[in-house]
file upload-v4.pdb (PDB, C-alpha atoms, pLDDT in the B column)
ATOM      1  CA  MET A   1      13.741 -14.534   5.025  1.00 78.00           C
ATOM      2  CA  ASN A   2      12.154 -12.052   2.637  1.00 82.00           C
ATOM      3  CA  LEU A   3      11.245  -8.846   4.482  1.00 84.00           C
ATOM      4  CA  GLN A   4       9.480  -7.585   1.348  1.00 86.00           C
ATOM      5  CA  ALA A   5       6.809 -10.258   1.851  1.00 88.00           C
ATOM      6  CA  VAL A   6       3.661  -9.737   3.860  1.00 91.00           C
ATOM      7  CA  TYR A   7       3.668 -11.866   7.008  1.00 90.00           C
ATOM      8  CA  VAL A   8       0.900 -13.576   8.963  1.00 91.00           C
ATOM      9  CA  LYS A   9       0.823 -15.228  12.367  1.00 90.00           C
ATOM     10  CA  THR A  10       0.982 -19.006  12.341  1.00 90.00           C
ATOM     11  CA  ALA A  11      -1.102 -21.179  14.650  1.00 90.00           C
ATOM     12  CA  LYS A  12       1.900 -21.156  16.996  1.00 92.00           C
ATOM     13  CA  GLY A  13       1.969 -17.340  16.923  1.00 88.00           C
ATOM     14  CA  GLN A  14      -1.744 -17.120  17.644  1.00 88.00           C
ATOM     15  CA  GLU A  15      -1.365 -19.593  20.508  1.00 88.00           C
ATOM     16  CA  GLU A  16       1.433 -17.475  22.020  1.00 86.00           C
ATOM     17  CA  LEU A  17      -0.776 -14.385  21.947  1.00 84.00           C
ATOM     18  CA  ALA A  18      -3.712 -16.237  23.458  1.00 84.00           C
ATOM     19  CA  THR A  19      -1.911 -18.207  26.164  1.00 87.00           C
ATOM     20  CA  ARG A  20       1.742 -17.063  26.392  1.00 86.00           C
ATOM     21  CA  ALA A  21       2.565 -20.763  26.120  1.00 88.00           C
ATOM     22  CA  PHE A  22       6.017 -20.182  24.601  1.00 90.00           C
ATOM     23  CA  LYS A  23       6.963 -17.377  27.003  1.00 90.00           C
ATOM     24  CA  LEU A  24       8.337 -14.982  24.399  1.00 89.00           C
ATOM     25  CA  PRO A  25      10.129 -11.950  25.831  1.00 88.00           C
ATOM     26  CA  SER A  26       7.764  -8.967  26.008  1.00 85.00           C
ATOM     27  CA  ARG A  27       9.510  -6.990  23.246  1.00 86.00           C
ATOM     28  CA  VAL A  28       9.367  -9.940  20.861  1.00 87.00           C
ATOM     29  CA  ARG A  29       5.745 -10.582  21.794  1.00 88.00           C
ATOM     30  CA  ASN A  30       4.899  -6.914  21.133  1.00 85.00           C
ATOM     31  CA  LEU A  31       6.408  -7.259  17.676  1.00 86.00           C
ATOM     32  CA  LEU A  32       4.320 -10.407  17.104  1.00 89.00           C
ATOM     33  CA  VAL A  33       1.190  -8.390  17.903  1.00 85.00           C
ATOM     34  CA  MET A  34       2.004  -6.032  15.007  1.00 86.00           C
ATOM     35  CA  VAL A  35       2.062  -8.834  12.395  1.00 87.00           C
ATOM     36  CA  ASP A  36      -1.378  -8.539  10.805  1.00 84.00           C
ATOM     37  CA  GLY A  37      -1.269 -10.060   7.326  1.00 85.00           C
ATOM     38  CA  MET A  38      -1.296  -6.619   5.721  1.00 86.00           C
ATOM     39  CA  ARG A  39       2.218  -5.338   6.470  1.00 86.00           C
ATOM     40  CA  THR A  40       5.506  -6.488   5.008  1.00 89.00           C
ATOM     41  CA  GLY A  41       8.277  -7.671   7.264  1.00 88.00           C
ATOM     42  CA  ASP A  42      10.104  -4.400   6.567  1.00 89.00           C
ATOM     43  CA  GLN A  43       7.082  -2.378   7.678  1.00 89.00           C
ATOM     44  CA  VAL A  44       6.707  -4.351  10.906  1.00 87.00           C
ATOM     45  CA  VAL A  45      10.424  -3.957  11.665  1.00 88.00           C
ATOM     46  CA  GLU A  46      10.262  -0.194  11.013  1.00 87.00           C
ATOM     47  CA  MET A  47       7.094   0.216  13.090  1.00 84.00           C
ATOM     48  CA  THR A  48       8.631  -1.515  16.055  1.00 83.00           C
ATOM     49  CA  ALA A  49      12.085   0.061  15.952  1.00 83.00           C
ATOM     50  CA  VAL A  50      11.415   1.574  19.381  1.00 83.00           C
ATOM     51  CA  LEU A  51      11.507  -1.934  20.858  1.00 78.00           C
ATOM     52  CA  GLY A  52      15.221  -2.313  20.217  1.00 80.00           C
ATOM     53  CA  ASP A  53      16.698  -4.701  17.654  1.00 85.00           C
ATOM     54  CA  SER A  54      13.375  -5.336  15.952  1.00 85.00           C
ATOM     55  CA  SER A  55      15.083  -6.918  12.948  1.00 88.00           C
ATOM     56  CA  ALA A  56      16.574  -9.637  15.151  1.00 89.00           C
ATOM     57  CA  PHE A  57      13.257 -10.058  16.970  1.00 89.00           C
ATOM     58  CA  PHE A  58      11.459 -10.501  13.641  1.00 89.00           C
ATOM     59  CA  SER A  59      14.046 -13.064  12.494  1.00 90.00           C
ATOM     60  CA  LEU A  60      13.449 -14.987  15.707  1.00 91.00           C
ATOM     61  CA  LEU A  61       9.686 -15.021  15.070  1.00 91.00           C
ATOM     62  CA  VAL A  62      10.236 -16.384  11.553  1.00 91.00           C
ATOM     63  CA  GLU A  63      12.870 -18.959  12.553  1.00 91.00           C
ATOM     64  CA  GLU A  64      10.803 -20.240  15.484  1.00 93.00           C
ATOM     65  CA  GLY A  65       7.633 -20.516  13.379  1.00 92.00           C
ATOM     66  CA  PHE A  66       5.518 -17.786  14.993  1.00 93.00           C
ATOM     67  CA  VAL A  67       5.061 -15.940  11.675  1.00 91.00           C
ATOM     68  CA  GLU A  68       5.364 -16.855   8.022  1.00 91.00           C
ATOM     69  CA  PRO A  69       4.987 -15.162   4.654  1.00 90.00           C
ATOM     70  CA  ALA A  70       1.375 -14.890   3.513  1.00 86.00           C
ATOM     71  CA  ALA A  71       0.329 -17.730   1.205  1.00 75.00           C
ATOM     72  CA  SER A  72      -0.575 -15.664  -1.846  1.00 52.00           C
ATOM     73  CA  ALA A  73       2.178 -13.362  -3.099  1.00 43.00           C
ATOM     74  CA  ALA A  74       0.110 -11.366  -5.602  1.00 41.00           C
ATOM     75  CA  PRO A  75      -2.663 -10.186  -3.241  1.00 45.00           C
ATOM     76  CA  ALA A  76      -0.062  -9.692  -0.528  1.00 42.00           C
ATOM     77  CA  ALA A  77       1.960  -7.361  -2.735  1.00 44.00           C
ATOM     78  CA  GLU A  78      -1.149  -5.302  -3.455  1.00 43.00           C
ATOM     79  CA  LYS A  79      -1.893  -5.016   0.267  1.00 43.00           C
ATOM     80  CA  ALA A  80       1.706  -4.052   1.019  1.00 43.00           C
ATOM     81  CA  VAL A  81       1.612  -1.218  -1.477  1.00 41.00           C
ATOM     82  CA  SER A  82      -1.611   0.144   0.002  1.00 38.00           C
ATOM     83  CA  VAL A  83      -0.355   0.208   3.597  1.00 46.00           C
ATOM     84  CA  SER A  84       1.050   3.597   4.542  1.00 54.00           C
ATOM     85  CA  ASN A  85       4.481   3.939   6.055  1.00 73.00           C
ATOM     86  CA  ALA A  86       3.153   6.686   8.323  1.00 76.00           C
ATOM     87  CA  PRO A  87       2.882   5.956  12.041  1.00 79.00           C
ATOM     88  CA  PRO A  88      -0.663   5.128  13.178  1.00 83.00           C
ATOM     89  CA  LYS A  89      -2.446   8.258  14.389  1.00 86.00           C
ATOM     90  CA  ALA A  90      -3.569   6.599  17.629  1.00 85.00           C
ATOM     91  CA  LEU A  91       0.047   5.677  18.416  1.00 86.00           C
ATOM     92  CA  VAL A  92       1.250   9.243  17.821  1.00 89.00           C
ATOM     93  CA  GLN A  93      -1.533  10.641  19.994  1.00 90.00           C
ATOM     94  CA  GLY A  94      -0.834   8.128  22.757  1.00 89.00           C
ATOM     95  CA  VAL A  95       2.879   8.937  22.879  1.00 90.00           C
ATOM     96  CA  CYS A  96       2.143  12.679  22.792  1.00 91.00           C
ATOM     97  CA  ARG A  97      -0.184  12.208  25.762  1.00 92.00           C
ATOM     98  CA  LEU A  98       2.567  10.377  27.659  1.00 92.00           C
ATOM     99  CA  VAL A  99       5.035  13.205  26.983  1.00 92.00           C
ATOM    100  CA  THR A 100       2.519  15.824  28.107  1.00 92.00           C
ATOM    101  CA  ASP A 101       1.673  13.871  31.267  1.00 92.00           C
ATOM    102  CA  LEU A 102       5.346  13.638  32.223  1.00 91.00           C
ATOM    103  CA  LEU A 103       6.626  17.051  31.122  1.00 90.00           C
ATOM    104  CA  GLY A 104       3.558  19.281  30.973  1.00 90.00           C
ATOM    105  CA  PRO A 105       3.915  22.375  28.772  1.00 89.00           C
ATOM    106  CA  ALA A 106       7.687  21.809  28.641  1.00 88.00           C
ATOM    107  CA  GLY A 107       6.970  18.842  26.367  1.00 87.00           C
ATOM    108  CA  ASP A 108       5.091  20.857  23.738  1.00 89.00           C
ATOM    109  CA  SER A 109       8.040  21.050  21.351  1.00 88.00           C
ATOM    110  CA  LEU A 110       8.470  17.273  21.576  1.00 88.00           C
ATOM    111  CA  THR A 111       4.814  16.587  20.855  1.00 90.00           C
ATOM    112  CA  LEU A 112       4.959  18.899  17.843  1.00 89.00           C
ATOM    113  CA  ARG A 113       7.921  16.948  16.496  1.00 89.00           C
ATOM    114  CA  LEU A 114       6.095  13.662  17.038  1.00 88.00           C
ATOM    115  CA  GLU A 115       3.004  14.951  15.251  1.00 88.00           C
ATOM    116  CA  LYS A 116       5.062  16.123  12.256  1.00 88.00           C
ATOM    117  CA  THR A 117       6.662  12.737  11.581  1.00 86.00           C
ATOM    118  CA  ARG A 118       5.699  11.236   8.247  1.00 85.00           C
ATOM    119  CA  THR A 119       7.394   7.854   8.439  1.00 83.00           C
ATOM    120  CA  LEU A 120       7.726   5.193  11.079  1.00 80.00           C
ATOM    121  CA  GLU A 121      11.503   5.642  11.024  1.00 81.00           C
ATOM    122  CA  GLU A 122      11.186   9.365  11.822  1.00 84.00           C
ATOM    123  CA  PHE A 123       8.664   8.568  14.540  1.00 85.00           C
ATOM    124  CA  ALA A 124      10.940   5.958  16.132  1.00 84.00           C
ATOM    125  CA  LYS A 125      13.838   8.443  16.233  1.00 86.00           C
ATOM    126  CA  GLN A 126      11.624  11.084  17.830  1.00 88.00           C
ATOM    127  CA  VAL A 127      10.342   8.633  20.445  1.00 87.00           C
ATOM    128  CA  GLU A 128      13.923   7.742  21.371  1.00 87.00           C
ATOM    129  CA  MET A 129      14.717  11.443  21.690  1.00 87.00           C
ATOM    130  CA  CYS A 130      11.638  11.891  23.905  1.00 88.00           C
ATOM    131  CA  ARG A 131      12.847   9.094  26.152  1.00 88.00           C
ATOM    132  CA  SER A 132      16.203  10.800  26.523  1.00 87.00           C
ATOM    133  CA  VAL A 133      14.579  14.153  27.316  1.00 89.00           C
ATOM    134  CA  VAL A 134      12.224  12.556  29.861  1.00 89.00           C
ATOM    135  CA  GLU A 135      15.156  10.802  31.559  1.00 89.00           C
ATOM    136  CA  ASN A 136      17.123  14.051  31.715  1.00 89.00           C
ATOM    137  CA  ALA A 137      14.154  16.092  32.928  1.00 89.00           C
ATOM    138  CA  VAL A 138      12.503  13.814  35.471  1.00 91.00           C
ATOM    139  CA  GLY A 139      14.887  10.903  36.009  1.00 91.00           C
ATOM    140  CA  LYS A 140      15.743   7.450  34.727  1.00 90.00           C
ATOM    141  CA  LYS A 141      12.837   5.785  36.530  1.00 91.00           C
ATOM    142  CA  LYS A 142      10.316   8.033  34.765  1.00 90.00           C
ATOM    143  CA  GLY A 143      12.192   7.495  31.494  1.00 86.00           C
ATOM    144  CA  ASP A 144      11.823   3.745  31.913  1.00 88.00           C
ATOM    145  CA  GLN A 145       8.127   4.164  32.738  1.00 90.00           C
ATOM    146  CA  PHE A 146       7.728   6.269  29.588  1.00 88.00           C
ATOM    147  CA  TRP A 147       9.431   3.578  27.513  1.00 87.00           C
ATOM    148  CA  ASP A 148       7.273   0.810  29.008  1.00 87.00           C
ATOM    149  CA  ALA A 149       4.143   2.841  28.247  1.00 88.00           C
ATOM    150  CA  VAL A 150       5.281   3.373  24.633  1.00 85.00           C
ATOM    151  CA  VAL A 151       5.823  -0.373  24.239  1.00 84.00           C
ATOM    152  CA  ALA A 152       2.361  -0.986  25.691  1.00 83.00           C
ATOM    153  CA  GLN A 153       0.934   1.433  23.081  1.00 79.00           C
ATOM    154  CA  LEU A 154       2.521  -0.692  20.356  1.00 75.00           C
ATOM    155  CA  SER A 155       0.668  -3.781  21.494  1.00 64.00           C
ATOM    156  CA  VAL A 156      -2.759  -2.120  21.371  1.00 58.00           C
TER     157      VAL A 156
END
call {"tool": "encode", "arguments": {"input": "upload-v4.pdb", "output": "structure tokens"}}
result
Amino acid sequence: MNLQAVYVKTAKGQEELATRAFKLPSRVRNLLVMVDGMRTGDQVVEMTAVLGDSSAFFSLLVEEGFVEPAASAAPAAEKAVSVSNAPPKALVQGVCRLVTDLLGPAGDSLTLRLEKTRTLEEFAKQVEMCRSVVENAVGKKKGDQFWDAVVAQLSV
């Protein structure tokens, strides 16, 4: 498996998204959603680090035939170079809104940290820290709800 390659969904992957026919676990399915034919495997893995072992999830998608490298390597490489490693603005805003809803003004320092992230790796680390703070501040149940909402944001 070459994570430097740009990946696309196969017919099997598209069928899973449309019908849930293969009953992929939700975290793996959320990662499948992020495969768009413009990002490399590395970029998808980094973007979805908040899901857990995204590298293993991506390997599963490749091995089971849900995704495959894009057919043309040259255009794919050009697309990969043009895609930013920064977290999508809508994702950052959505997670900041979740933090604010759960912690109110006490979450301001967390939202500032989220907004300052420049890479998906930094963003993933900050989201994990937010989860920990939410759990400590308002309980494990709310922390789990926060995490589920973050995962839902990834699949949008």
call {"tool": "closest_residue", "arguments": {"input": "upload-v4.pdb", "among": "A:Glu46, A:Glu16, A:Glu135, A:Asp144", "to": "Thr119 of chain A", "atoms": "all atoms listed in the file"}}
result
A:Glu46
call {"tool": "residues_around", "arguments": {"input": "upload-v4.pdb", "residues": "Phe57 of chain A", "least_positions_apart": "6", "cutoff": "12 Å", "atoms": "only C-alpha atoms", "output": "PyMOL selection string"}}
result
chain A and resi 24-32+41+44-46+48-49+51+63-64+66-67
call {"tool": "closest_residue", "arguments": {"input": "upload-v4.pdb", "among": "A:Met47, A:Ala18, A:Val134, A:Ala71", "to": "Leu154 of chain A", "atoms": "all atoms listed in the file"}}
result
A:Met47
call {"tool": "atom_distance", "arguments": {"input": "upload-v4.pdb", "atom1": "atom CA of Leu103 of chain A", "atom2": "atom CA of Gln153 of chain A"}}
result
18.5 Å
call {"tool": "resolve_selection", "arguments": {"input": "upload-v4.pdb", "expression": "the PyMOL selection byres ((chain A and resi 65) around 10)", "output": "ChimeraX atom specification"}}
result
/A:9-13,59-64,66-68
call {"tool": "closest_residue", "arguments": {"input": "upload-v4.pdb", "among": "A:Ser55, A:Gln145, A:Ser132, A:Asn85", "to": "Leu98 of chain A", "atoms": "all atoms listed in the file"}}
result
A:Gln145
call {"tool": "resolve_selection", "arguments": {"input": "upload-v4.pdb", "expression": "the PyMOL selection byres ((chain A and resi 91) around 10)", "output": "mmCIF file with C-alpha atoms, in the coordinates of the input"}}
result
data_model
loop_
_atom_site.group_PDB
_atom_site.id
_atom_site.type_symbol
_atom_site.label_atom_id
_atom_site.label_comp_id
_atom_site.auth_asym_id
_atom_site.auth_seq_id
_atom_site.Cartn_x
_atom_site.Cartn_y
_atom_site.Cartn_z
ATOM 1 C CA PRO A 87 2.882 5.956 12.041
ATOM 2 C CA PRO A 88 -0.663 5.128 13.178
ATOM 3 C CA LYS A 89 -2.446 8.258 14.389
ATOM 4 C CA ALA A 90 -3.569 6.599 17.629
ATOM 5 C CA VAL A 92 1.250 9.243 17.821
ATOM 6 C CA GLN A 93 -1.533 10.641 19.994
ATOM 7 C CA GLY A 94 -0.834 8.128 22.757
ATOM 8 C CA VAL A 95 2.879 8.937 22.879
ATOM 9 C CA CYS A 96 2.143 12.679 22.792
ATOM 10 C CA ARG A 97 -0.184 12.208 25.762
ATOM 11 C CA PHE A 123 8.664 8.568 14.540
ATOM 12 C CA VAL A 150 5.281 3.373 24.633
ATOM 13 C CA GLN A 153 0.934 1.433 23.081
ATOM 14 C CA LEU A 154 2.521 -0.692 20.356
ATOM 15 C CA SER A 155 0.668 -3.781 21.494
ATOM 16 C CA VAL A 156 -2.759 -2.120 21.371
#
call {"tool": "closest_residue", "arguments": {"input": "upload-v4.pdb", "among": "A:Glu121, A:Asp36, A:Glu15, A:Glu128", "to": "Ala86 of chain A", "atoms": "all atoms listed in the file"}}
result
A:Glu121
call {"tool": "resolve_selection", "arguments": {"input": "upload-v4.pdb", "expression": "the PyMOL selection byres ((chain A and resi 70) around 6)", "output": "PyMOL selection string"}}
result
chain A and resi 6-8+69+71-72
call {"tool": "atom_distance", "arguments": {"input": "upload-v4.pdb", "atom1": "atom CA of Val50 of chain A", "atom2": "atom CA of Ala124 of chain A"}}
result
5.5 Å
call {"tool": "atom_distance", "arguments": {"input": "upload-v4.pdb", "atom1": "atom CA of Val138 of chain A", "atom2": "atom CA of Pro105 of chain A"}}
result
13.9 Å
call {"tool": "closest_residue", "arguments": {"input": "upload-v4.pdb", "among": "A:Asn2, A:Thr100, A:Val35, A:Cys130", "to": "Gln14 of chain A", "atoms": "only C-alpha atoms"}}
result
A:Val35
call {"tool": "closest_residue", "arguments": {"input": "upload-v4.pdb", "among": "A:Ala149, A:Leu17, A:Leu110, A:Met1", "to": "Met34 of chain A", "atoms": "all atoms listed in the file"}}
result
A:Leu17
call {"tool": "axis_aligned_box", "arguments": {"input": "upload-v4.pdb", "around": "segment 90-104 of chain A", "padding_each_side": "4 Å", "output": "JSON"}}
result
{"center_x": 1.5, "center_y": 12.5, "center_z": 24.9, "size_x": 18.2, "size_y": 21.6, "size_z": 22.6}
call {"tool": "residues_around", "arguments": {"input": "upload-v4.pdb", "residues": "Ala137 of chain A", "least_positions_apart": "6", "cutoff": "10 Å", "atoms": "only C-alpha atoms", "output": "PyMOL selection string"}}
result
chain A and resi 102-103+106+131+143
